[in-house]
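A.B. asks: If it helps, the file is called final_33.pdb and holds PDB, C-alpha atoms:
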```
ATOM      1  CA  MET X   1       0.000   0.000   0.000
ATOM      2  CA  SER X   2       1.637   3.228  -1.130
ATOM      3  CA  GLY X   3       1.629   6.289   1.086
ATOM      4  CA  GLN X   4       0.418   9.747   0.148
ATOM      5  CA  SER X   5       2.241  12.966   0.889
ATOM      6  CA  LEU X   6       0.533  15.764   2.797
ATOM      7  CA  GLU X   7       0.942  18.059  -0.206
ATOM      8  CA  SER X   8      -0.848  15.674  -2.587
ATOM      9  CA  LEU X   9      -3.568  15.045  -0.003
ATOM     10  CA  LEU X  10      -4.268  18.762   0.363
ATOM     11  CA  LYS X  11      -4.228  19.346  -3.378
ATOM     12  CA  GLY X  12      -6.744  16.558  -3.893
ATOM     13  CA  ALA X  13      -9.168  17.938  -1.315
ATOM     14  CA  SER X  14     -11.836  20.371  -2.463
ATOM     15  CA  ASN X  15     -12.010  21.913   1.003
ATOM     16  CA  THR X  16      -9.105  21.666   3.472
ATOM     17  CA  VAL X  17     -11.250  22.563   6.481
ATOM     18  CA  GLU X  18     -13.764  19.807   5.705
ATOM     19  CA  LEU X  19     -10.904  17.363   5.143
ATOM     20  CA  LEU X  20      -9.491  18.048   8.584
ATOM     21  CA  ARG X  21     -12.875  18.067  10.306
ATOM     22  CA  ASN X  22     -13.705  14.660   8.878
ATOM     23  CA  SER X  23     -10.312  13.081   9.475
ATOM     24  CA  GLN X  24     -10.451   9.359  10.239
ATOM     25  CA  ILE X  25      -7.280   9.381  12.322
ATOM     26  CA  GLY X  26      -9.252   9.229  15.555
ATOM     27  CA  ALA X  27      -8.714  10.753  18.965
ATOM     28  CA  TYR X  28      -5.216  11.504  20.216
ATOM     29  CA  VAL X  29      -4.049   8.771  22.555
ATOM     30  CA  TYR X  30      -2.069  10.129  25.495
ATOM     31  CA  PRO X  31       0.571   7.512  26.309
ATOM     32  CA  VAL X  32       0.542   5.402  29.484
ATOM     33  CA  VAL X  33      -1.300   7.784  31.826
ATOM     34  CA  PRO X  34      -5.018   7.024  32.356
ATOM     35  CA  ILE X  35      -7.482   9.740  31.401
ATOM     36  CA  GLU X  36      -8.630  11.734  34.435
ATOM     37  CA  PHE X  37     -10.916  14.583  33.445
ATOM     38  CA  SER X  38     -14.568  15.566  33.281
ATOM     39  CA  ASN X  39     -14.581  18.121  30.470
ATOM     40  CA  TRP X  40     -12.635  20.960  28.895
ATOM     41  CA  ARG X  41     -14.438  23.590  30.957
ATOM     42  CA  SER X  42     -13.445  22.076  34.289
ATOM     43  CA  GLU X  43      -9.836  21.926  33.101
ATOM     44  CA  GLN X  44      -9.842  25.670  32.513
ATOM     45  CA  VAL X  45     -11.398  26.284  35.932
ATOM     46  CA  GLY X  46      -8.706  24.130  37.497
ATOM     47  CA  TRP X  47      -5.729  26.131  36.295
ATOM     48  CA  GLN X  48      -7.460  29.543  36.243
ATOM     49  CA  LYS X  49      -8.958  29.549  39.722
ATOM     50  CA  THR X  50      -7.383  26.835  41.842
ATOM     51  CA  ALA X  51      -4.442  24.521  41.159
ATOM     52  CA  VAL X  52      -3.816  21.685  38.748
ATOM     53  CA  LEU X  53      -1.354  18.815  38.451
ATOM     54  CA  PHE X  54      -0.165  17.918  34.943
ATOM     55  CA  ASP X  55       1.725  14.658  34.429
ATOM     56  CA  GLN X  56       3.973  15.304  31.432
ATOM     57  CA  SER X  57       6.258  12.330  31.906
ATOM     58  CA  HIS X  58       5.347  10.381  28.781
ATOM     59  CA  HIS X  59       4.291  12.399  25.739
ATOM     60  CA  MET X  60       7.609  14.038  24.785
ATOM     61  CA  ALA X  61      11.035  12.718  23.802
ATOM     62  CA  GLU X  62      14.198  13.851  25.575
ATOM     63  CA  LEU X  63      17.777  14.280  24.434
ATOM     64  CA  THR X  64      20.632  15.023  26.821
ATOM     65  CA  VAL X  65      23.609  16.647  25.084
ATOM     66  CA  SER X  66      26.887  16.864  26.994
ATOM     67  CA  GLY X  67      30.479  17.684  26.179
ATOM     68  CA  PRO X  68      32.631  20.737  25.394
ATOM     69  CA  ASP X  69      30.704  21.483  22.159
ATOM     70  CA  ALA X  70      27.196  21.047  23.582
ATOM     71  CA  VAL X  71      26.330  24.765  23.545
ATOM     72  CA  LYS X  72      28.030  25.242  20.176
ATOM     73  CA  LEU X  73      25.928  22.482  18.600
ATOM     74  CA  LEU X  74      22.584  23.587  19.996
ATOM     75  CA  SER X  75      23.103  27.283  19.306
ATOM     76  CA  HIS X  76      24.022  26.422  15.699
ATOM     77  CA  LEU X  77      20.699  24.650  15.088
ATOM     78  CA  THR X  78      18.258  27.250  16.377
ATOM     79  CA  ILE X  79      17.051  30.803  15.806
ATOM     80  CA  ASN X  80      17.439  31.519  19.537
ATOM     81  CA  SER X  81      20.208  33.677  20.920
ATOM     82  CA  PHE X  82      22.443  32.028  23.531
ATOM     83  CA  ALA X  83      24.113  35.310  24.551
ATOM     84  CA  SER X  84      22.692  35.295  28.085
ATOM     85  CA  PHE X  85      21.977  31.577  28.345
ATOM     86  CA  THR X  86      23.695  30.127  31.407
ATOM     87  CA  PRO X  87      23.328  27.078  33.689
ATOM     88  CA  ASN X  88      20.138  26.880  35.738
ATOM     89  CA  ARG X  89      18.074  28.503  33.004
ATOM     90  CA  ALA X  90      15.728  27.208  30.296
ATOM     91  CA  LYS X  91      14.393  28.527  27.003
ATOM     92  CA  GLN X  92      11.940  27.702  24.230
ATOM     93  CA  MET X  93      14.236  26.369  21.500
ATOM     94  CA  VAL X  94      13.222  26.580  17.816
ATOM     95  CA  PRO X  95      15.547  24.551  15.529
ATOM     96  CA  CYS X  96      15.430  25.212  11.769
ATOM     97  CA  SER X  97      16.407  23.338   8.620
ATOM     98  CA  TYR X  98      19.247  24.350   6.297
ATOM     99  CA  ASP X  99      16.794  26.582   4.400
ATOM    100  CA  GLY X 100      15.455  28.241   7.521
ATOM    101  CA  TYR X 101      12.234  26.271   7.865
ATOM    102  CA  VAL X 102      11.104  25.446  11.380
ATOM    103  CA  ILE X 103      11.744  21.806  12.344
ATOM    104  CA  GLY X 104       9.812  22.071  15.587
ATOM    105  CA  ASP X 105      10.250  23.476  19.061
ATOM    106  CA  GLY X 106      10.735  22.377  22.633
ATOM    107  CA  ILE X 107      12.215  23.340  25.984
ATOM    108  CA  LEU X 108      15.972  23.401  26.394
ATOM    109  CA  PHE X 109      17.289  23.092  29.957
ATOM    110  CA  TYR X 110      20.817  24.298  30.721
ATOM    111  CA  LEU X 111      21.521  21.810  33.506
ATOM    112  CA  ASP X 112      25.213  22.404  34.141
ATOM    113  CA  LYS X 113      28.416  23.365  32.394
ATOM    114  CA  ASP X 114      28.579  21.384  29.132
ATOM    115  CA  GLU X 115      25.290  19.592  29.854
ATOM    116  CA  LEU X 116      21.916  20.500  28.338
ATOM    117  CA  LEU X 117      18.604  18.672  28.049
ATOM    118  CA  PHE X 118      16.092  19.143  25.236
ATOM    119  CA  VAL X 119      12.457  18.085  25.736
ATOM    120  CA  GLY X 120      10.204  18.091  22.674
ATOM    121  CA  ARG X 121       8.643  16.174  19.843
ATOM    122  CA  THR X 122      10.479  13.352  18.104
ATOM    123  CA  PRO X 123      11.271  15.119  14.754
ATOM    124  CA  THR X 124      13.175  17.843  16.595
ATOM    125  CA  VAL X 125      15.070  15.304  18.690
ATOM    126  CA  ASN X 126      15.951  13.457  15.467
ATOM    127  CA  TRP X 127      17.359  16.662  13.962
ATOM    128  CA  ILE X 128      19.518  17.466  16.979
ATOM    129  CA  GLN X 129      20.803  13.905  17.268
ATOM    130  CA  PHE X 130      21.631  13.764  13.550
ATOM    131  CA  HIS X 131      23.872  16.823  13.814
ATOM    132  CA  ALA X 132      25.410  15.600  17.066
ATOM    133  CA  GLU X 133      26.460  12.362  15.359
ATOM    134  CA  THR X 134      27.501  13.722  11.951
ATOM    135  CA  GLY X 135      28.644  17.304  12.535
ATOM    136  CA  GLY X 136      32.024  16.621  14.096
ATOM    137  CA  TYR X 137      31.015  18.072  17.458
ATOM    138  CA  LYS X 138      32.646  16.928  20.680
ATOM    139  CA  VAL X 139      29.428  15.813  22.347
ATOM    140  CA  GLN X 140      27.689  12.741  23.690
ATOM    141  CA  VAL X 141      23.940  12.238  23.570
ATOM    142  CA  ILE X 142      21.498  10.187  25.615
ATOM    143  CA  ARG X 143      18.141   9.721  23.948
ATOM    144  CA  ASP X 144      14.900   8.833  25.690
ATOM    145  CA  ASP X 145      11.945   8.441  23.316
ATOM    146  CA  ARG X 146       8.379   9.240  24.278
ATOM    147  CA  SER X 147       6.396   6.407  25.757
ATOM    148  CA  PRO X 148       4.408   4.174  23.375
ATOM    149  CA  SER X 149       0.737   5.066  22.962
ATOM    150  CA  HIS X 150      -0.134   1.378  23.261
ATOM    151  CA  PRO X 151       2.384  -0.379  25.535
ATOM    152  CA  ARG X 152       0.352  -3.630  25.214
ATOM    153  CA  GLY X 153       0.790  -4.555  28.836
ATOM    154  CA  LYS X 154       4.560  -4.082  28.844
ATOM    155  CA  PRO X 155       6.199  -1.920  31.539
ATOM    156  CA  VAL X 156       7.185   1.599  30.490
ATOM    157  CA  PHE X 157      10.251   3.358  31.862
ATOM    158  CA  ARG X 158      11.510   6.879  31.257
ATOM    159  CA  ARG X 159      14.682   8.574  32.417
ATOM    160  CA  HIS X 160      12.667  11.268  34.196
ATOM    161  CA  TYR X 161       9.227  11.930  35.581
ATOM    162  CA  ARG X 162       7.954  15.436  34.838
ATOM    163  CA  TYR X 163       5.112  17.062  36.807
ATOM    164  CA  GLN X 164       3.677  20.568  36.642
ATOM    165  CA  ILE X 165       1.796  22.245  39.490
ATOM    166  CA  GLN X 166       0.038  25.312  38.113
ATOM    167  CA  GLY X 167      -2.652  27.845  38.968
ATOM    168  CA  PRO X 168      -3.242  30.661  41.475
ATOM    169  CA  ASN X 169      -3.121  28.258  44.441
ATOM    170  CA  ALA X 170      -0.131  26.248  43.227
ATOM    171  CA  ALA X 171       2.172  28.067  45.658
ATOM    172  CA  GLN X 172       0.164  26.756  48.615
ATOM    173  CA  VAL X 173       0.612  23.180  47.478
ATOM    174  CA  LEU X 174       4.282  23.681  46.658
ATOM    175  CA  GLU X 175       5.061  25.338  49.990
ATOM    176  CA  LYS X 176       3.450  22.445  51.808
ATOM    177  CA  LEU X 177       5.533  20.005  49.766
ATOM    178  CA  ASN X 178       8.688  22.001  50.418
ATOM    179  CA  GLY X 179       8.001  22.328  54.141
ATOM    180  CA  GLY X 180       8.390  26.093  53.996
ATOM    181  CA  PRO X 181       8.688  29.115  51.698
ATOM    182  CA  LEU X 182       9.731  28.457  48.113
ATOM    183  CA  PRO X 183      13.010  29.755  46.676
ATOM    184  CA  ASP X 184      12.654  33.000  44.737
ATOM    185  CA  VAL X 185      13.057  31.560  41.240
ATOM    186  CA  LYS X 186      12.822  33.903  38.266
ATOM    187  CA  PHE X 187      10.712  33.038  35.228
ATOM    188  CA  PHE X 188      12.240  30.159  33.218
ATOM    189  CA  HIS X 189      15.059  29.736  35.702
ATOM    190  CA  THR X 190      15.645  26.510  37.597
ATOM    191  CA  ASP X 191      16.314  25.719  41.231
ATOM    192  CA  ALA X 192      15.345  22.917  43.606
ATOM    193  CA  ILE X 193      12.742  22.206  46.277
ATOM    194  CA  ASN X 194      12.374  19.430  48.844
ATOM    195  CA  ILE X 195       9.760  16.711  48.433
ATOM    196  CA  ARG X 196       9.752  13.980  51.081
ATOM    197  CA  GLY X 197      13.373  14.583  51.878
ATOM    198  CA  ARG X 198      14.471  14.505  48.242
ATOM    199  CA  ARG X 199      16.100  17.464  46.514
ATOM    200  CA  VAL X 200      13.950  17.882  43.396
ATOM    201  CA  ARG X 201      14.814  20.132  40.453
ATOM    202  CA  CYS X 202      12.206  22.661  39.397
ATOM    203  CA  LEU X 203      11.548  25.072  36.545
ATOM    204  CA  ARG X 204       9.626  28.274  37.214
ATOM    205  CA  HIS X 205       6.868  29.270  34.835
ATOM    206  CA  GLY X 206       3.152  29.863  35.263
ATOM    207  CA  MET X 207      -0.423  29.824  34.001
ATOM    208  CA  ALA X 208      -3.213  32.406  34.418
ATOM    209  CA  GLY X 209      -0.625  34.967  35.472
ATOM    210  CA  ALA X 210       0.327  32.961  38.560
ATOM    211  CA  PRO X 211       3.718  31.385  39.277
ATOM    212  CA  GLY X 212       3.966  27.608  39.118
ATOM    213  CA  LEU X 213       6.686  25.003  38.997
ATOM    214  CA  GLU X 214       7.587  22.029  36.838
ATOM    215  CA  VAL X 215       9.459  19.403  38.835
ATOM    216  CA  TRP X 216      11.437  16.472  37.505
ATOM    217  CA  GLY X 217      13.769  13.752  38.630
ATOM    218  CA  PRO X 218      14.620  10.030  38.219
ATOM    219  CA  TYR X 219      11.661   8.050  36.925
ATOM    220  CA  ALA X 220      12.120   5.431  39.643
ATOM    221  CA  GLU X 221      10.858   8.085  42.098
ATOM    222  CA  ALA X 222       7.819   9.062  39.997
ATOM    223  CA  ASP X 223       5.136   7.313  42.061
ATOM    224  CA  GLU X 224       6.507   8.585  45.354
ATOM    225  CA  ILE X 225       6.689  12.195  44.162
ATOM    226  CA  ARG X 226       3.241  12.082  42.554
ATOM    227  CA  GLU X 227       1.669  10.713  45.717
ATOM    228  CA  ALA X 228       3.351  13.448  47.742
ATOM    229  CA  ILE X 229       1.900  16.123  45.424
ATOM    230  CA  LEU X 230      -1.585  14.623  45.642
ATOM    231  CA  GLU X 231      -1.320  14.322  49.425
ATOM    232  CA  ALA X 232      -0.335  17.991  49.713
ATOM    233  CA  GLY X 233      -3.371  18.946  47.627
ATOM    234  CA  ARG X 234      -5.955  16.785  49.373
ATOM    235  CA  THR X 235      -6.246  19.197  52.288
ATOM    236  CA  LEU X 236      -6.885  21.981  49.766
ATOM    237  CA  ALA X 237      -9.666  20.167  47.901
ATOM    238  CA  TRP X 238     -12.037  22.109  45.638
ATOM    239  CA  CYS X 239     -15.279  20.635  44.381
ATOM    240  CA  ARG X 240     -17.588  22.068  41.749
ATOM    241  CA  SER X 241     -20.623  20.928  43.689
ATOM    242  CA  ALA X 242     -19.560  22.472  47.009
ATOM    243  CA  ARG X 243     -21.553  25.412  48.319
ATOM    244  CA  ALA X 244     -18.399  27.330  49.263
ATOM    245  CA  PRO X 245     -15.487  26.277  47.046
ATOM    246  CA  THR X 246     -12.092  26.391  48.724
ATOM    247  CA  PRO X 247      -8.570  26.355  47.237
ATOM    248  CA  ALA X 248      -7.793  23.152  45.394
ATOM    249  CA  ILE X 249      -5.484  20.893  43.541
ATOM    250  CA  ARG X 250      -6.724  19.140  40.428
ATOM    251  CA  SER X 251      -4.961  15.966  39.340
ATOM    252  CA  SER X 252      -4.428  15.808  35.593
ATOM    253  CA  PRO X 253      -2.111  13.078  34.274
ATOM    254  CA  ALA X 254      -3.364  13.545  30.729
ATOM    255  CA  GLY X 255      -3.310  17.315  30.907
ATOM    256  CA  PHE X 256      -6.845  17.603  32.333
ATOM    257  CA  PRO X 257      -8.162  17.749  35.907
ATOM    258  CA  ARG X 258     -10.195  14.948  37.392
ATOM    259  CA  ARG X 259     -13.393  15.336  39.359
ATOM    260  CA  CYS X 260     -13.342  15.263  43.100
ATOM    261  CA  PRO X 261     -14.843  11.780  43.774
ATOM    262  CA  ARG X 262     -16.162  12.871  47.157
ATOM    263  CA  CYS X 263     -18.328  15.772  46.076
ATOM    264  CA  THR X 264     -18.982  15.808  42.333
ATOM    265  CA  PRO X 265     -22.156  13.948  41.333
ATOM    266  CA  ALA X 266     -21.516  11.204  38.783
ATOM    267  CA  SER X 267     -24.208  12.691  36.544
ATOM    268  CA  GLU X 268     -22.260  15.930  36.027
TER     269      GLU X 268
END
```
Represent the structure of the file as structure tokens.
C.D. replies:
Amino acid sequence: MSGQSLESLLKGASNTVELLRNSQIGAYVYPVVPIEFSNWRSEQVGWQKTAVLFDQSHHMAELTVSGPDAVKLLSHLTINSFASFTPNRAKQMVPCSYDGYVIGDGILFYLDKDELLFVGRTPTVNWIQFHAETGGYKVQVIRDDRSPSHPRGKPVFRRHYRYQIQGPNAAQVLEKLNGGPLPDVKFFHTDAINIRGRRVRCLRHGMAGAPGLEVWGPYAEADEIREAILEAGRTLAWCRSARAPTPAIRSSPAGFPRRCPRCTPASE
């Protein structure tokens, strides 16, 4: 069965919008993590008015680039300036082809001297790895592909878990996890907080104009860290059916919040 290019598919369609609306591809399957959401509206409420937990451990590929030419390689491939890029910072990286066309984008973490970590979609990781292996750069790479959409009962392991705690009340949850005030981390800078006695790296960004953190660490600790986050949020529960909503955490492994099982009627 021969494939068809996107260009020929679009040219053969009388109406591109109708083609896309009636696509037979099916729903996007978020890998590994079970769906935990009620609807799109409650997701927006979660991160706009309370707090939300996003599990982003599985849907992106990672590439660690280390060595004396790590910065040279990555700065060569992207439109971004590296003039003020230093360890303990991150940036949205946009690599381009030889002709200047965008390959994709992702987040580039400057972990330490001569060590950077790119998190993004597979085509962009392919592009970076190709140049690392063929461009004569003094670098080493460690690749960790996104988790399979259908693991078919097989165990799935990643190098890192990656959780985001976002929303106006995220700081309350994070301070409880940390056992005290959070470090004063500037936007898209990195630092560390304490979770159950572990020193956990964090990236500062935010949603709805409120500061939040993305935390990550060895995947072997994923369940422990996730349970700690959920435990910190349980005492700040928010329920759509409550008469007087209070601050909350919403758990969202697939990028969406789940209902509170104690208070939300099943019919909603």
A.B. asks: For this file, the PyMOL selection byres ((chain X and resi 60) around 6) selects which residues, as JSON, numbers by chain?
C.D. replies: {"X": [58, 59, 61, 120, 121, 146]}
A.B. asks: Compile the contact shell of Ser57 in chain X as a PyMOL selection string: residues with an atom at most 7 Å away, counting only C-alpha atoms, same-chain residues fewer than 4 positions apart removed.
C.D. replies: chain X and resi 160-163
A.B. asks: Those residues with C-alpha atoms, as a compact mmCIF listing (two decimals), in the frame of the given file please?
C.D. replies:
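Contents of part31.txt, freshly written:
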```
# COMPACT_ATOMS: atom_id res chain seq x y z
CA HIS X 160 12.67 11.27 34.20
CA TYR X 161 9.23 11.93 35.58
CA ARG X 162 7.95 15.44 34.84
CA TYR X 163 5.11 17.06 36.81
```
A.B. asks: Any chance you could resolve the PyMOL selection byres ((chain X and resi 96) around 12) against this file and give the residues as a ChimeraX atom specification?
C.D. replies: /X:74-80,93-95,97-105,123-124,127-128
A.B. asks: Evaluate the PyMOL selection byres ((chain X and resi 49) around 9) and record the selected residues as a list in words, following the chain and residue labels used in the document.
C.D. replies: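 Applied to this file, the PyMOL selection byres ((chain X and resi 49) around 9) selects Gln44, Val45, Gly46, Trp47, Gln48, Thr50, Ala51, Gly167, Pro168, Asn169, Ala208, Pro247 and Ala248 of chain X.
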A.B. asks: So what do you get for CA of Ala171 in chain X versus CA of Arg199 in chain X, distance-wise?
C.D. replies: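 We find that CA of Ala171 in chain X and CA of Arg199 in chain X lie 17.5 Å from each other.
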A.B. asks: Please, which residues are within 10 Å of (8.5, 9.2, 53.4) by the file's coordinates, counting all atoms listed in the file, and could they come as a PyMOL selection string?
C.D. replies: chain X and resi 195-198+224-225+228
A.B. asks: Could you please determine the separation between CA of Ser5 in chain X and CA of Leu19 in chain X in Å, to one decimal place?
C.D. replies: 14.5 Å
A.B. asks: Go through X:Val156, X:Ala210, X:Val141, X:Ile229 and flag the residue nearest Val65 in chain X, using only C-alpha atoms for the distances.
C.D. replies: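 So, comparing all the options, the nearest one is X:Val141.
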A.B. asks: Kindly give the distance, in Å, that separates CA of Glu231 in chain X and CA of Glu175 in chain X, rounded to a single decimal.
C.D. replies: 12.7 Å
A.B. asks: Quick one: of X:Asn178, X:Asn15, X:Gln164, X:Ser84, who's nearest to Leu213 in chain X, counting all atoms listed in the file?
C.D. replies: X:Gln164
